[in-house]
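Quick look at upload.pdb (PDB, C-alpha atoms and all ligand atoms):
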```pdb
ATOM      1  CA  MET A   1     -17.130  28.470  -2.323
ATOM      2  CA  GLU A   2     -18.680  28.898   1.106
ATOM      3  CA  LEU A   3     -17.894  26.156   3.650
ATOM      4  CA  THR A   4     -19.937  26.410   6.844
ATOM      5  CA  GLN A   5     -18.828  24.646  10.022
ATOM      6  CA  ALA A   6     -21.840  22.313   9.676
ATOM      7  CA  ALA A   7     -20.872  21.345   6.108
ATOM      8  CA  PHE A   8     -17.219  20.869   7.132
ATOM      9  CA  ASP A   9     -18.251  18.552   9.977
ATOM     10  CA  ASP A  10     -20.689  16.693   7.763
ATOM     11  CA  LEU A  11     -18.061  16.139   5.066
ATOM     12  CA  ARG A  12     -15.311  15.003   7.390
ATOM     13  CA  ARG A  13     -17.704  12.536   9.038
ATOM     14  CA  SER A  14     -18.579  11.140   5.597
ATOM     15  CA  ILE A  15     -14.893  10.890   4.640
ATOM     16  CA  HIS A  16     -14.068   9.041   7.856
ATOM     17  CA  ARG A  17     -16.939   6.622   7.270
ATOM     18  CA  LEU A  18     -16.028   6.059   3.610
ATOM     19  CA  CYS A  19     -12.280   5.490   3.829
ATOM     20  CA  GLY A  20     -11.082   6.039   7.407
ATOM     21  CA  ILE A  21      -9.242   9.298   6.681
ATOM     22  CA  VAL A  22      -9.291  11.685   9.639
ATOM     23  CA  LEU A  23      -9.446  15.410   8.984
ATOM     24  CA  ASN A  24      -8.688  17.553  12.019
ATOM     25  CA  ASP A  25     -10.008  21.088  12.584
ATOM     26  CA  ASP A  26      -7.062  22.582  10.689
ATOM     27  CA  LYS A  27      -7.861  20.653   7.474
ATOM     28  CA  GLU A  28     -10.565  22.989   6.175
ATOM     29  CA  TYR A  29      -8.249  24.017   3.319
ATOM     30  CA  LEU A  30      -8.005  20.377   2.241
ATOM     31  CA  ILE A  31     -11.771  20.035   1.911
ATOM     32  CA  ARG A  32     -11.874  23.288  -0.045
ATOM     33  CA  HIS A  33      -8.947  22.418  -2.269
ATOM     34  CA  ARG A  34      -9.886  18.802  -3.017
ATOM     35  CA  LEU A  35     -13.700  18.864  -2.928
ATOM     36  CA  GLU A  36     -14.544  22.227  -4.437
ATOM     37  CA  PRO A  37     -13.988  20.934  -8.000
ATOM     38  CA  VAL A  38     -16.174  17.892  -7.198
ATOM     39  CA  ALA A  39     -18.956  20.097  -5.800
ATOM     40  CA  ALA A  40     -18.690  22.527  -8.727
ATOM     41  CA  ARG A  41     -18.810  19.670 -11.259
ATOM     42  CA  CYS A  42     -22.164  18.552  -9.892
ATOM     43  CA  GLY A  43     -23.590  22.058 -10.111
ATOM     44  CA  CYS A  44     -23.363  23.093  -6.431
ATOM     45  CA  HIS A  45     -22.733  26.726  -5.489
ATOM     46  CA  ASN A  46     -21.683  26.004  -1.909
ATOM     47  CA  PHE A  47     -20.818  23.042   0.309
ATOM     48  CA  ASP A  48     -24.236  23.010   2.015
ATOM     49  CA  GLU A  49     -25.778  22.214  -1.372
ATOM     50  CA  PHE A  50     -23.136  19.562  -1.917
ATOM     51  CA  CYS A  51     -23.949  17.933   1.459
ATOM     52  CA  ALA A  52     -27.643  17.903   0.548
ATOM     53  CA  LYS A  53     -26.795  16.131  -2.746
ATOM     54  CA  LEU A  54     -24.617  13.700  -0.858
ATOM     55  CA  ALA A  55     -27.600  12.704   1.262
ATOM     56  CA  GLY A  56     -29.788  12.199  -1.825
ATOM     57  CA  GLY A  57     -30.092   9.865  -4.807
ATOM     58  CA  GLU A  58     -26.610  10.597  -6.205
ATOM     59  CA  ALA A  59     -24.880   9.471  -2.991
ATOM     60  CA  ALA A  60     -23.019   6.459  -4.401
ATOM     61  CA  ARG A  61     -21.510   8.401  -7.337
ATOM     62  CA  LEU A  62     -20.550  11.352  -5.139
ATOM     63  CA  GLN A  63     -19.012   9.122  -2.487
ATOM     64  CA  GLU A  64     -16.743   7.586  -5.153
ATOM     65  CA  ALA A  65     -15.745  11.070  -6.308
ATOM     66  CA  ILE A  66     -14.999  12.153  -2.715
ATOM     67  CA  VAL A  67     -12.738   9.146  -2.070
ATOM     68  CA  GLU A  68     -10.861   9.793  -5.316
ATOM     69  CA  ALA A  69     -10.403  13.470  -4.487
ATOM     70  CA  ILE A  70      -9.468  13.157  -0.826
ATOM     71  CA  THR A  71      -6.908  10.323  -1.058
ATOM     72  CA  THR A  72      -3.270  11.323  -1.579
ATOM     73  CA  HIS A  73      -1.429   9.161  -4.114
ATOM     74  CA  GLU A  74       2.085  10.496  -3.608
ATOM     75  CA  THR A  75       4.591   7.691  -4.278
ATOM     76  CA  ALA A  76       7.842   6.872  -6.085
ATOM     77  CA  PHE A  77       9.844   3.862  -7.218
ATOM     78  CA  PHE A  78      12.069   2.540  -4.403
ATOM     79  CA  ARG A  79      10.663   5.267  -2.130
ATOM     80  CA  ASP A  80      13.113   5.998   0.723
ATOM     81  CA  GLN A  81      15.521   3.366  -0.721
ATOM     82  CA  HIS A  82      16.645   1.956   2.671
ATOM     83  CA  PRO A  83      13.554  -0.278   3.185
ATOM     84  CA  PHE A  84      14.295  -1.823  -0.216
ATOM     85  CA  ASP A  85      17.902  -2.440   0.854
ATOM     86  CA  ALA A  86      16.515  -4.301   3.900
ATOM     87  CA  LEU A  87      14.182  -6.261   1.629
ATOM     88  CA  ARG A  88      17.024  -7.133  -0.758
ATOM     89  CA  GLN A  89      19.613  -8.054   1.843
ATOM     90  CA  GLN A  90      17.566  -9.536   4.678
ATOM     91  CA  ILE A  91      13.842 -10.021   4.312
ATOM     92  CA  LEU A  92      13.398 -11.582   0.851
ATOM     93  CA  PRO A  93      16.389 -13.947   1.325
ATOM     94  CA  ASP A  94      14.900 -14.951   4.717
ATOM     95  CA  LEU A  95      11.545 -15.709   3.090
ATOM     96  CA  VAL A  96      13.254 -17.720   0.344
ATOM     97  CA  ARG A  97      15.327 -19.711   2.878
ATOM     98  CA  ASN A  98      12.211 -20.584   4.878
ATOM     99  CA  ARG A  99      10.290 -21.565   1.786
ATOM    100  CA  ARG A 100      13.130 -23.864   0.681
ATOM    101  CA  LYS A 101      12.740 -25.806   3.928
ATOM    102  CA  GLU A 102       9.229 -26.810   2.876
ATOM    103  CA  SER A 103       8.779 -29.935   0.804
ATOM    104  CA  ASN A 104       8.190 -29.451  -2.943
ATOM    105  CA  ARG A 105       4.709 -30.873  -2.522
ATOM    106  CA  THR A 106       3.482 -28.218  -0.071
ATOM    107  CA  ARG A 107       5.563 -25.324  -1.436
ATOM    108  CA  ARG A 108       3.517 -22.305  -2.558
ATOM    109  CA  PRO A 109       4.652 -18.943  -3.930
ATOM    110  CA  ILE A 110       5.900 -16.349  -1.454
ATOM    111  CA  ARG A 111       2.993 -13.910  -1.265
ATOM    112  CA  LEU A 112       3.696 -10.190  -0.930
ATOM    113  CA  TRP A 113       0.975  -7.568  -0.484
ATOM    114  CA  CYS A 114       1.245  -3.816  -1.081
ATOM    115  CA  ALA A 115      -1.755  -2.408   0.797
ATOM    116  CA  GLY A 116      -2.320   1.176  -0.360
ATOM    117  CA  ALA A 117      -0.196   0.772  -3.483
ATOM    118  CA  ALA A 118      -1.385   4.032  -5.109
ATOM    119  CA  THR A 119      -0.303   4.200  -8.777
ATOM    120  CA  GLY A 120       1.874   1.084  -8.515
ATOM    121  CA  GLN A 121       5.450   2.325  -8.149
ATOM    122  CA  GLU A 122       5.863   0.365  -4.896
ATOM    123  CA  PRO A 123       4.724  -3.066  -6.182
ATOM    124  CA  TYR A 124       6.694  -2.595  -9.437
ATOM    125  CA  SER A 125       9.775  -1.778  -7.325
ATOM    126  CA  LEU A 126       9.242  -5.075  -5.507
ATOM    127  CA  ALA A 127       8.982  -6.909  -8.831
ATOM    128  CA  VAL A 128      12.241  -5.293 -10.039
ATOM    129  CA  LEU A 129      13.912  -6.270  -6.761
ATOM    130  CA  ILE A 130      12.765  -9.873  -7.133
ATOM    131  CA  HIS A 131      14.195 -10.053 -10.669
ATOM    132  CA  GLU A 132      17.470  -8.552  -9.503
ATOM    133  CA  LEU A 133      17.653 -10.992  -6.597
ATOM    134  CA  ALA A 134      16.981 -13.932  -8.916
ATOM    135  CA  GLY A 135      19.518 -12.646 -11.453
ATOM    136  CA  ALA A 136      22.220 -12.384  -8.782
ATOM    137  CA  SER A 137      21.726 -15.881  -7.376
ATOM    138  CA  ARG A 138      22.708 -19.354  -8.590
ATOM    139  CA  ALA A 139      20.520 -21.335 -10.995
ATOM    140  CA  ASP A 140      19.031 -23.240  -8.051
ATOM    141  CA  GLY A 141      18.424 -19.965  -6.149
ATOM    142  CA  PRO A 142      15.167 -17.967  -5.954
ATOM    143  CA  GLN A 143      13.282 -17.514  -9.214
ATOM    144  CA  PRO A 144      10.769 -14.720  -9.955
ATOM    145  CA  ASP A 145       8.037 -17.359 -10.229
ATOM    146  CA  ASP A 146       8.594 -18.182  -6.549
ATOM    147  CA  PHE A 147       6.843 -14.871  -5.756
ATOM    148  CA  SER A 148       3.461 -13.266  -6.240
ATOM    149  CA  ILE A 149       2.560  -9.652  -5.503
ATOM    150  CA  LEU A 150      -0.905  -8.324  -4.731
ATOM    151  CA  ALA A 151      -1.318  -4.552  -5.121
ATOM    152  CA  THR A 152      -4.455  -2.974  -3.672
ATOM    153  CA  ASP A 153      -5.849   0.494  -3.149
ATOM    154  CA  VAL A 154      -9.176   2.144  -2.362
ATOM    155  CA  SER A 155      -8.764   4.567  -5.271
ATOM    156  CA  ALA A 156     -10.053   3.175  -8.563
ATOM    157  CA  THR A 157      -8.110   5.725 -10.643
ATOM    158  CA  ALA A 158      -4.805   5.089  -8.851
ATOM    159  CA  LEU A 159      -5.332   1.356  -9.249
ATOM    160  CA  ALA A 160      -6.149   1.767 -12.969
ATOM    161  CA  THR A 161      -2.762   3.490 -13.466
ATOM    162  CA  ALA A 162      -1.067   0.728 -11.470
ATOM    163  CA  LYS A 163      -2.708  -1.937 -13.644
ATOM    164  CA  THR A 164      -1.661  -0.162 -16.835
ATOM    165  CA  GLY A 165       1.879   0.109 -15.490
ATOM    166  CA  ALA A 166       2.510   3.119 -17.755
ATOM    167  CA  TYR A 167       4.519   6.073 -16.442
ATOM    168  CA  GLN A 168       5.629   9.444 -17.718
ATOM    169  CA  GLN A 169       9.327  10.256 -18.029
ATOM    170  CA  ARG A 170       9.378  12.325 -14.814
ATOM    171  CA  GLU A 171       7.639   9.509 -12.878
ATOM    172  CA  ILE A 172       9.894   6.716 -14.146
ATOM    173  CA  GLU A 173      13.002   8.746 -13.291
ATOM    174  CA  ARG A 174      11.904   9.099  -9.649
ATOM    175  CA  GLY A 175      13.749   6.153  -8.089
ATOM    176  CA  LEU A 176      14.772   3.952 -11.025
ATOM    177  CA  THR A 177      18.237   3.933 -12.589
ATOM    178  CA  ALA A 178      18.626   4.267 -16.372
ATOM    179  CA  SER A 179      19.534   0.592 -16.636
ATOM    180  CA  GLN A 180      16.507  -0.495 -14.570
ATOM    181  CA  ILE A 181      14.247   1.648 -16.783
ATOM    182  CA  HIS A 182      15.521   0.077 -19.999
ATOM    183  CA  LYS A 183      15.568  -3.474 -18.673
ATOM    184  CA  TYR A 184      12.146  -3.542 -17.019
ATOM    185  CA  PHE A 185      10.089  -0.971 -19.000
ATOM    186  CA  GLU A 186       9.596  -0.234 -22.678
ATOM    187  CA  LEU A 187       8.838   3.115 -24.266
ATOM    188  CA  CYS A 188       5.368   3.172 -25.884
ATOM    189  CA  GLY A 189       4.616   6.657 -27.237
ATOM    190  CA  ASP A 190       5.364   9.050 -24.377
ATOM    191  CA  ARG A 191       4.983   6.438 -21.592
ATOM    192  CA  TRP A 192       7.283   3.819 -20.135
ATOM    193  CA  VAL A 193       5.280   0.610 -19.773
ATOM    194  CA  ALA A 194       6.198  -2.232 -17.417
ATOM    195  CA  ARG A 195       7.384  -5.293 -19.317
ATOM    196  CA  PRO A 196       5.519  -8.634 -18.985
ATOM    197  CA  MET A 197       8.354 -10.032 -16.805
ATOM    198  CA  LEU A 198       7.176  -7.637 -14.049
ATOM    199  CA  ARG A 199       3.466  -7.768 -14.751
ATOM    200  CA  LYS A 200       3.216 -11.550 -14.612
ATOM    201  CA  LEU A 201       4.128 -11.474 -10.906
ATOM    202  CA  MET A 202       1.363  -9.013 -10.093
ATOM    203  CA  GLU A 203      -2.321  -8.914  -9.370
ATOM    204  CA  PHE A 204      -4.405  -5.792  -8.662
ATOM    205  CA  ARG A 205      -7.530  -5.468  -6.572
ATOM    206  CA  ARG A 206      -9.580  -2.686  -5.111
ATOM    207  CA  VAL A 207      -9.535  -3.057  -1.341
ATOM    208  CA  ASN A 208     -10.761  -0.566   1.237
ATOM    209  CA  LEU A 209      -8.729  -1.195   4.381
ATOM    210  CA  ILE A 210     -11.520  -0.047   6.658
ATOM    211  CA  GLN A 211     -13.639  -2.966   5.496
ATOM    212  CA  PRO A 212     -12.766  -6.547   6.509
ATOM    213  CA  PHE A 213     -10.080  -7.907   4.165
ATOM    214  CA  SER A 214      -8.828 -11.135   5.704
ATOM    215  CA  SER A 215     -10.504 -13.106   2.863
ATOM    216  CA  LEU A 216      -7.486 -12.044   0.741
ATOM    217  CA  GLY A 217      -5.680 -14.953   2.406
ATOM    218  CA  ALA A 218      -2.261 -15.344   3.983
ATOM    219  CA  PHE A 219       0.802 -13.244   3.082
ATOM    220  CA  ASP A 220       4.470 -13.654   3.960
ATOM    221  CA  LEU A 221       5.178  -9.925   3.760
ATOM    222  CA  ILE A 222       2.769  -6.998   3.950
ATOM    223  CA  LEU A 223       3.844  -3.502   2.959
ATOM    224  CA  CYS A 224       1.481  -0.815   4.182
ATOM    225  CA  ARG A 225       3.575   2.298   3.763
ATOM    226  CA  ASN A 226       2.406   5.857   4.231
ATOM    227  CA  VAL A 227      -1.237   4.798   4.571
ATOM    228  CA  LEU A 228      -1.872   4.374   8.315
ATOM    229  CA  ILE A 229      -0.823   7.996   8.926
ATOM    230  CA  TYR A 230      -4.199   9.095   7.579
ATOM    231  CA  PHE A 231      -6.194   7.031  10.094
ATOM    232  CA  ASP A 232      -7.026   7.304  13.803
ATOM    233  CA  GLU A 233      -5.646   4.883  16.361
ATOM    234  CA  ALA A 234      -8.755   2.680  16.492
ATOM    235  CA  THR A 235      -8.702   2.196  12.706
ATOM    236  CA  ARG A 236      -4.957   1.495  12.703
ATOM    237  CA  ARG A 237      -5.453  -1.086  15.447
ATOM    238  CA  LYS A 238      -8.231  -2.871  13.541
ATOM    239  CA  ILE A 239      -6.141  -2.976  10.369
ATOM    240  CA  CYS A 240      -2.975  -4.175  12.114
ATOM    241  CA  ASP A 241      -4.897  -6.893  13.974
ATOM    242  CA  GLN A 242      -6.032  -8.228  10.604
ATOM    243  CA  PHE A 243      -2.485  -7.992   9.195
ATOM    244  CA  HIS A 244      -1.304  -9.984  12.221
ATOM    245  CA  ALA A 245      -3.900 -12.694  11.616
ATOM    246  CA  MET A 246      -2.959 -12.930   7.915
ATOM    247  CA  LEU A 247       0.792 -13.377   8.481
ATOM    248  CA  PRO A 248       2.333 -16.731   9.373
ATOM    249  CA  GLU A 249       4.733 -16.895  12.317
ATOM    250  CA  GLY A 250       7.908 -15.143  11.189
ATOM    251  CA  GLY A 251       5.976 -13.116   8.560
ATOM    252  CA  TRP A 252       6.923  -9.471   8.029
ATOM    253  CA  LEU A 253       5.090  -6.128   8.153
ATOM    254  CA  LEU A 254       6.711  -3.026   6.698
ATOM    255  CA  LEU A 255       5.265   0.426   7.405
ATOM    256  CA  GLY A 256       6.344   3.835   6.096
ATOM    257  CA  SER A 257       9.550   5.394   7.395
ATOM    258  CA  ALA A 258       7.621   7.826   9.639
ATOM    259  CA  GLU A 259       5.154   5.204  10.914
ATOM    260  CA  ASN A 260       5.256   2.746  13.799
ATOM    261  CA  LEU A 261       3.006   0.465  15.831
ATOM    262  CA  TYR A 262       3.397   2.411  19.082
ATOM    263  CA  GLY A 263       0.003   2.382  20.838
ATOM    264  CA  VAL A 264      -1.442   0.278  18.012
ATOM    265  CA  SER A 265      -0.127  -3.260  18.492
ATOM    266  CA  ASP A 266       2.326  -4.981  20.810
ATOM    267  CA  ARG A 267       1.920  -8.312  19.055
ATOM    268  CA  PHE A 268       4.816  -7.811  16.630
ATOM    269  CA  LEU A 269       8.521  -8.000  17.292
ATOM    270  CA  SER A 270      10.381  -4.942  16.025
ATOM    271  CA  VAL A 271      13.524  -5.672  14.070
ATOM    272  CA  ARG A 272      15.912  -3.000  12.874
ATOM    273  CA  PHE A 273      18.016  -3.303   9.699
ATOM    274  CA  GLY A 274      20.080  -0.096   9.574
ATOM    275  CA  LYS A 275      17.618   2.789   9.158
ATOM    276  CA  THR A 276      14.673   0.453   8.536
ATOM    277  CA  LEU A 277      12.311  -0.672  11.274
ATOM    278  CA  VAL A 278      10.393  -3.810  10.322
ATOM    279  CA  TYR A 279       7.785  -5.729  12.271
ATOM    280  CA  ARG A 280       7.749  -9.491  12.538
ATOM    281  CA  LYS A 281       5.026 -11.794  13.753
ATOM    282  CA  GLN A 282       6.401 -13.631  16.749
ATOM    283  CA  SER A 283       6.112 -17.369  17.286
ATOM    284  CA  SER A 284       3.321 -18.235  19.689
ATOM    285  CA  PRO A 285       4.638 -18.972  23.166
ATOM    286  CA  GLU A 286       5.089 -22.714  23.707
ATOM    287  CA  ILE A 287       2.081 -24.205  25.446
ATOM    288  CA  ASP A 288       3.112 -25.783  28.705
ATOM    289  CA  ASP A 289       0.954 -28.888  29.050
ATOM    290  CA  SER A 290       3.081 -30.481  31.779
ATOM    291  CA  SER A 291       0.583 -29.694  34.563
TER     292      SER A 291
HETATM  293  C1  LIG A 301       0.600   8.249   0.110
HETATM  294  S1  LIG A 301      -0.004   6.885  -0.794
HETATM  295  C2  LIG A 301       1.207   5.646  -0.400
HETATM  296  C3  LIG A 301       1.616   4.859  -1.597
HETATM  297  C4  LIG A 301       2.739   3.860  -1.343
HETATM  298  N1  LIG A 301       2.361   2.891  -0.357
HETATM  299  C5  LIG A 301       4.005   4.572  -0.950
HETATM  300  O1  LIG A 301       4.370   4.558   0.243
HETATM  301  O2  LIG A 301       4.663   5.149  -1.806
HETATM  302  C6  LIG A 301      -1.405   6.405   0.219
HETATM  303  C7  LIG A 301      -2.377   5.468  -0.511
HETATM  304  O3  LIG A 301      -3.299   4.951   0.466
HETATM  305  C8  LIG A 301      -4.546   4.819  -0.163
HETATM  306  N2  LIG A 301      -5.617   4.738   0.845
HETATM  307  C9  LIG A 301      -6.112   5.730   1.625
HETATM  308  N3  LIG A 301      -7.139   5.272   2.355
HETATM  309  C10 LIG A 301      -7.276   3.951   2.054
HETATM  310  C11 LIG A 301      -8.174   2.935   2.484
HETATM  311  N4  LIG A 301      -9.143   3.170   3.365
HETATM  312  N5  LIG A 301      -8.028   1.690   1.968
HETATM  313  C12 LIG A 301      -7.054   1.438   1.046
HETATM  314  N6  LIG A 301      -6.187   2.367   0.591
HETATM  315  C13 LIG A 301      -6.301   3.608   1.086
HETATM  316  C14 LIG A 301      -4.639   6.048  -1.046
HETATM  317  O4  LIG A 301      -5.596   5.919  -2.078
HETATM  318  C15 LIG A 301      -3.211   6.189  -1.547
HETATM  319  O5  LIG A 301      -3.057   5.601  -2.803
END
```
In structure tokens, write the structure found in this file.
Ligand SMILES: C[S@@+](CC[C@H](N)C(=O)[O-])C[C@H]1O[C@@H](n2cnc3c(N)ncnc32)[C@H](O)[C@@H]1O
Amino acid sequence: MELTQAAFDDLRRSIHRLCGIVLNDDKEYLIRHRLEPVAARCGCHNFDEFCAKLAGGEAARLQEAIVEAITTHETAFFRDQHPFDALRQQILPDLVRNRRKESNRTRRPIRLWCAGAATGQEPYSLAVLIHELAGASRADGPQPDDFSILATDVSATALATAKTGAYQQREIERGLTASQIHKYFELCGDRWVARPMLRKLMEFRRVNLIQPFSSLGAFDLILCRNVLIYFDEATRRKICDQFHAMLPEGGWLLLGSAENLYGVSDRFLSVRFGKTLVYRKQSSPEIDDSS
């Protein structure tokens, strides 16, 4: 299907406006590969026709289809493993310790947010981790009910899979051990479905990170892994400023293994646990009112 320079520019501008994804000059193949089926489905013979449709009465439906096609939902359970070791050994116990210092009256669940959760493997990994942590501690230690997990994504189809919590054999085997699979999932037909013990910790919502999202409330830990790589620096900065505002002092931000806040934010403290770099919201400097 023919893709003129004008149509390429038009489409990448639309994509940036719709979901923040930046497509450089060398990403023509991506437009062709991902959007050609969308254009063909709506009866277009070339991308100029598709752009004309996009500017017309079908805009809303086509925009949805573009976001679905252009977002990459690659993920796995316990992806990269080492960040989950840091969560298990350092970050979740730290959050539990801090929460225990609060009085019973004011104590609220520890809120975790997976921003850009794709098909759900990341938030379900967190839920498994929480159960394992609770199982390994004393009766008066952390309980699964002490936690809540919000999983969000801009892609409605990815989020629908996450909500269903149903995975094929090859998906479930990517990152989970045989004993984790049997303990936390049950086989229904040809899918492994997350058991209620995981699902009751979780909530799913469609959230586009390029729109304001601070109304989601405060979180103790935000995971935004392998999402910011798709955005430009200005978009990353806007998103990370909101993350900063939503975390309490001492709250944690975890990015993907190849991502960092260099040039984006200097408001977080970087903390290294082995191979994992984590960001922590610093305490505000003490106000000197002696003068
Ligand atoms: C590569 S996946 C990462 C999944 C998971 N966090 C992980 O690391 O395994 C990137 C996800 O970011 C989502 N995404 C892309 N742009 C987004 C936006 N503007 N708002 C919210 N999610 C977005 C995509 O739909 C996709 O599911």
Tell me, as a PyMOL selection string, which residues lie within 6 Å of segment 239-256 of chain A, counting only C-alpha atoms; anything in the same chain fewer than 3 positions away does not count.
chain A and resi 218-226+236+259+278-283
Around ligand LIG 301 (chain A), at most 9 Å away and counting only C-alpha atoms and all ligand atoms, which residues are there? Put them as a tab-separated table (two decimals) with C-alpha atoms, keeping the file's coordinate frame, please.
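Once written, pocket08.tsv looks like this:
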```tsv
chain	number	residue	atom	x	y	z
A	16	HIS	CA	-14.07	9.04	7.86
A	18	LEU	CA	-16.03	6.06	3.61
A	19	CYS	CA	-12.28	5.49	3.83
A	20	GLY	CA	-11.08	6.04	7.41
A	21	ILE	CA	-9.24	9.30	6.68
A	67	VAL	CA	-12.74	9.15	-2.07
A	68	GLU	CA	-10.86	9.79	-5.32
A	70	ILE	CA	-9.47	13.16	-0.83
A	71	THR	CA	-6.91	10.32	-1.06
A	72	THR	CA	-3.27	11.32	-1.58
A	73	HIS	CA	-1.43	9.16	-4.11
A	74	GLU	CA	2.08	10.50	-3.61
A	75	THR	CA	4.59	7.69	-4.28
A	76	ALA	CA	7.84	6.87	-6.08
A	77	PHE	CA	9.84	3.86	-7.22
A	78	PHE	CA	12.07	2.54	-4.40
A	79	ARG	CA	10.66	5.27	-2.13
A	80	ASP	CA	13.11	6.00	0.72
A	114	CYS	CA	1.25	-3.82	-1.08
A	115	ALA	CA	-1.76	-2.41	0.80
A	116	GLY	CA	-2.32	1.18	-0.36
A	117	ALA	CA	-0.20	0.77	-3.48
A	118	ALA	CA	-1.38	4.03	-5.11
A	119	THR	CA	-0.30	4.20	-8.78
A	120	GLY	CA	1.87	1.08	-8.52
A	121	GLN	CA	5.45	2.33	-8.15
A	122	GLU	CA	5.86	0.36	-4.90
A	123	PRO	CA	4.72	-3.07	-6.18
A	152	THR	CA	-4.46	-2.97	-3.67
A	153	ASP	CA	-5.85	0.49	-3.15
A	154	VAL	CA	-9.18	2.14	-2.36
A	155	SER	CA	-8.76	4.57	-5.27
A	156	ALA	CA	-10.05	3.18	-8.56
A	157	THR	CA	-8.11	5.72	-10.64
A	158	ALA	CA	-4.80	5.09	-8.85
A	159	LEU	CA	-5.33	1.36	-9.25
A	206	ARG	CA	-9.58	-2.69	-5.11
A	207	VAL	CA	-9.54	-3.06	-1.34
A	208	ASN	CA	-10.76	-0.57	1.24
A	209	LEU	CA	-8.73	-1.20	4.38
A	210	ILE	CA	-11.52	-0.05	6.66
A	211	GLN	CA	-13.64	-2.97	5.50
A	223	LEU	CA	3.84	-3.50	2.96
A	224	CYS	CA	1.48	-0.82	4.18
A	225	ARG	CA	3.58	2.30	3.76
A	226	ASN	CA	2.41	5.86	4.23
A	227	VAL	CA	-1.24	4.80	4.57
A	228	LEU	CA	-1.87	4.37	8.32
A	229	ILE	CA	-0.82	8.00	8.93
A	230	TYR	CA	-4.20	9.10	7.58
A	231	PHE	CA	-6.19	7.03	10.09
A	255	LEU	CA	5.26	0.43	7.40
A	256	GLY	CA	6.34	3.84	6.10
A	257	SER	CA	9.55	5.39	7.40
```
Show me, as lines of an AutoDock Vina configuration file, the centre and edge lengths in Å to one decimal of the axis-aligned box that covers every listed atom of segment 148-166 of chain A with 4 Å on each side.
```
center_x = -3.3
center_y = -3.8
center_z = -10.1
size_x = 21.5
size_y = 27.0
size_z = 23.4
```
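Checking A:Glu171, A:Asp94, A:Asp9, A:Glu203 one by one against Asp190 of chain A, counting only C-alpha atoms, you find the shortest gap at A:Glu171.
Nearest residue to Asp146 of chain A, choosing from A:Gly189, A:Gly175, A:Gly274, A:Pro93 and counting all atoms listed in the file: A:Pro93.
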Quick one, how far is atom CA of Lys53 of chain A from atom CA of Ala39 of chain A?
9.3 Å
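Neighbours of Ala194 of chain A closer than or equal to 7 Å, with only C-alpha atoms counted and sequence neighbours fewer than 2 positions away skipped, come out as Gly165, Ala166, Tyr184, Phe185, Glu186, Trp192, Pro196, Leu198 and Arg199 of chain A.
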Would you save the residues of that selection, restricted to C-alpha atoms, as a PDB file, in the coordinates of the input?
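Final output, out_6.pdb:
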```
ATOM      1  CA  GLY A 165       1.879   0.109 -15.490  1.00  0.00           C
ATOM      2  CA  ALA A 166       2.510   3.119 -17.755  1.00  0.00           C
ATOM      3  CA  TYR A 184      12.146  -3.542 -17.019  1.00  0.00           C
ATOM      4  CA  PHE A 185      10.089  -0.971 -19.000  1.00  0.00           C
ATOM      5  CA  GLU A 186       9.596  -0.234 -22.678  1.00  0.00           C
ATOM      6  CA  TRP A 192       7.283   3.819 -20.135  1.00  0.00           C
ATOM      7  CA  PRO A 196       5.519  -8.634 -18.985  1.00  0.00           C
ATOM      8  CA  LEU A 198       7.176  -7.637 -14.049  1.00  0.00           C
ATOM      9  CA  ARG A 199       3.466  -7.768 -14.751  1.00  0.00           C
TER      10      ARG A 199
END
```
Under the PyMOL selection byres (((chain A and resi 85) around 12) and not hetatm), which residues of this model are included? Write them out as a PyMOL selection string.
chain A and resi 78-84+86-93+125-126+129+133+273-277
I'd like the residues picked by the PyMOL selection byres (((chain A and resi 38) around 12) and not hetatm) written out as a ChimeraX atom specification, using the chain letters and numbers from the file.
/A:1,31-37,39-47,50-51,53-54,61-70
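The space separating atom CA of His182 of chain A from atom CA of Trp113 of chain A comes to 25.5 Å.
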So the first atom is atom CA of Ile181 of chain A and the second is atom CA of Val96 of chain A; what is the distance between them in Å, to one decimal place?
25.9 Å
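Closest to Gln168 of chain A among A:Ser265, A:Gly57, A:Arg191, A:Glu28 is A:Arg191, based on all atoms listed in the file.
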Just say which residues the PyMOL selection byres (((chain A and resi 141) around 12) and not hetatm) picks in this file, as a PDB file with C-alpha atoms, in the frame of the given file.
```
ATOM      1  CA  PRO A  93      16.389 -13.947   1.325  1.00  0.00           C
ATOM      2  CA  VAL A  96      13.254 -17.720   0.344  1.00  0.00           C
ATOM      3  CA  ARG A  97      15.327 -19.711   2.878  1.00  0.00           C
ATOM      4  CA  ARG A  99      10.290 -21.565   1.786  1.00  0.00           C
ATOM      5  CA  ARG A 100      13.130 -23.864   0.681  1.00  0.00           C
ATOM      6  CA  ILE A 130      12.765  -9.873  -7.133  1.00  0.00           C
ATOM      7  CA  HIS A 131      14.195 -10.053 -10.669  1.00  0.00           C
ATOM      8  CA  GLU A 132      17.470  -8.552  -9.503  1.00  0.00           C
ATOM      9  CA  LEU A 133      17.653 -10.992  -6.597  1.00  0.00           C
ATOM     10  CA  ALA A 134      16.981 -13.932  -8.916  1.00  0.00           C
ATOM     11  CA  GLY A 135      19.518 -12.646 -11.453  1.00  0.00           C
ATOM     12  CA  ALA A 136      22.220 -12.384  -8.782  1.00  0.00           C
ATOM     13  CA  SER A 137      21.726 -15.881  -7.376  1.00  0.00           C
ATOM     14  CA  ARG A 138      22.708 -19.354  -8.590  1.00  0.00           C
ATOM     15  CA  ALA A 139      20.520 -21.335 -10.995  1.00  0.00           C
ATOM     16  CA  ASP A 140      19.031 -23.240  -8.051  1.00  0.00           C
ATOM     17  CA  PRO A 142      15.167 -17.967  -5.954  1.00  0.00           C
ATOM     18  CA  GLN A 143      13.282 -17.514  -9.214  1.00  0.00           C
ATOM     19  CA  PRO A 144      10.769 -14.720  -9.955  1.00  0.00           C
ATOM     20  CA  ASP A 145       8.037 -17.359 -10.229  1.00  0.00           C
ATOM     21  CA  ASP A 146       8.594 -18.182  -6.549  1.00  0.00           C
TER      22      ASP A 146
END
```
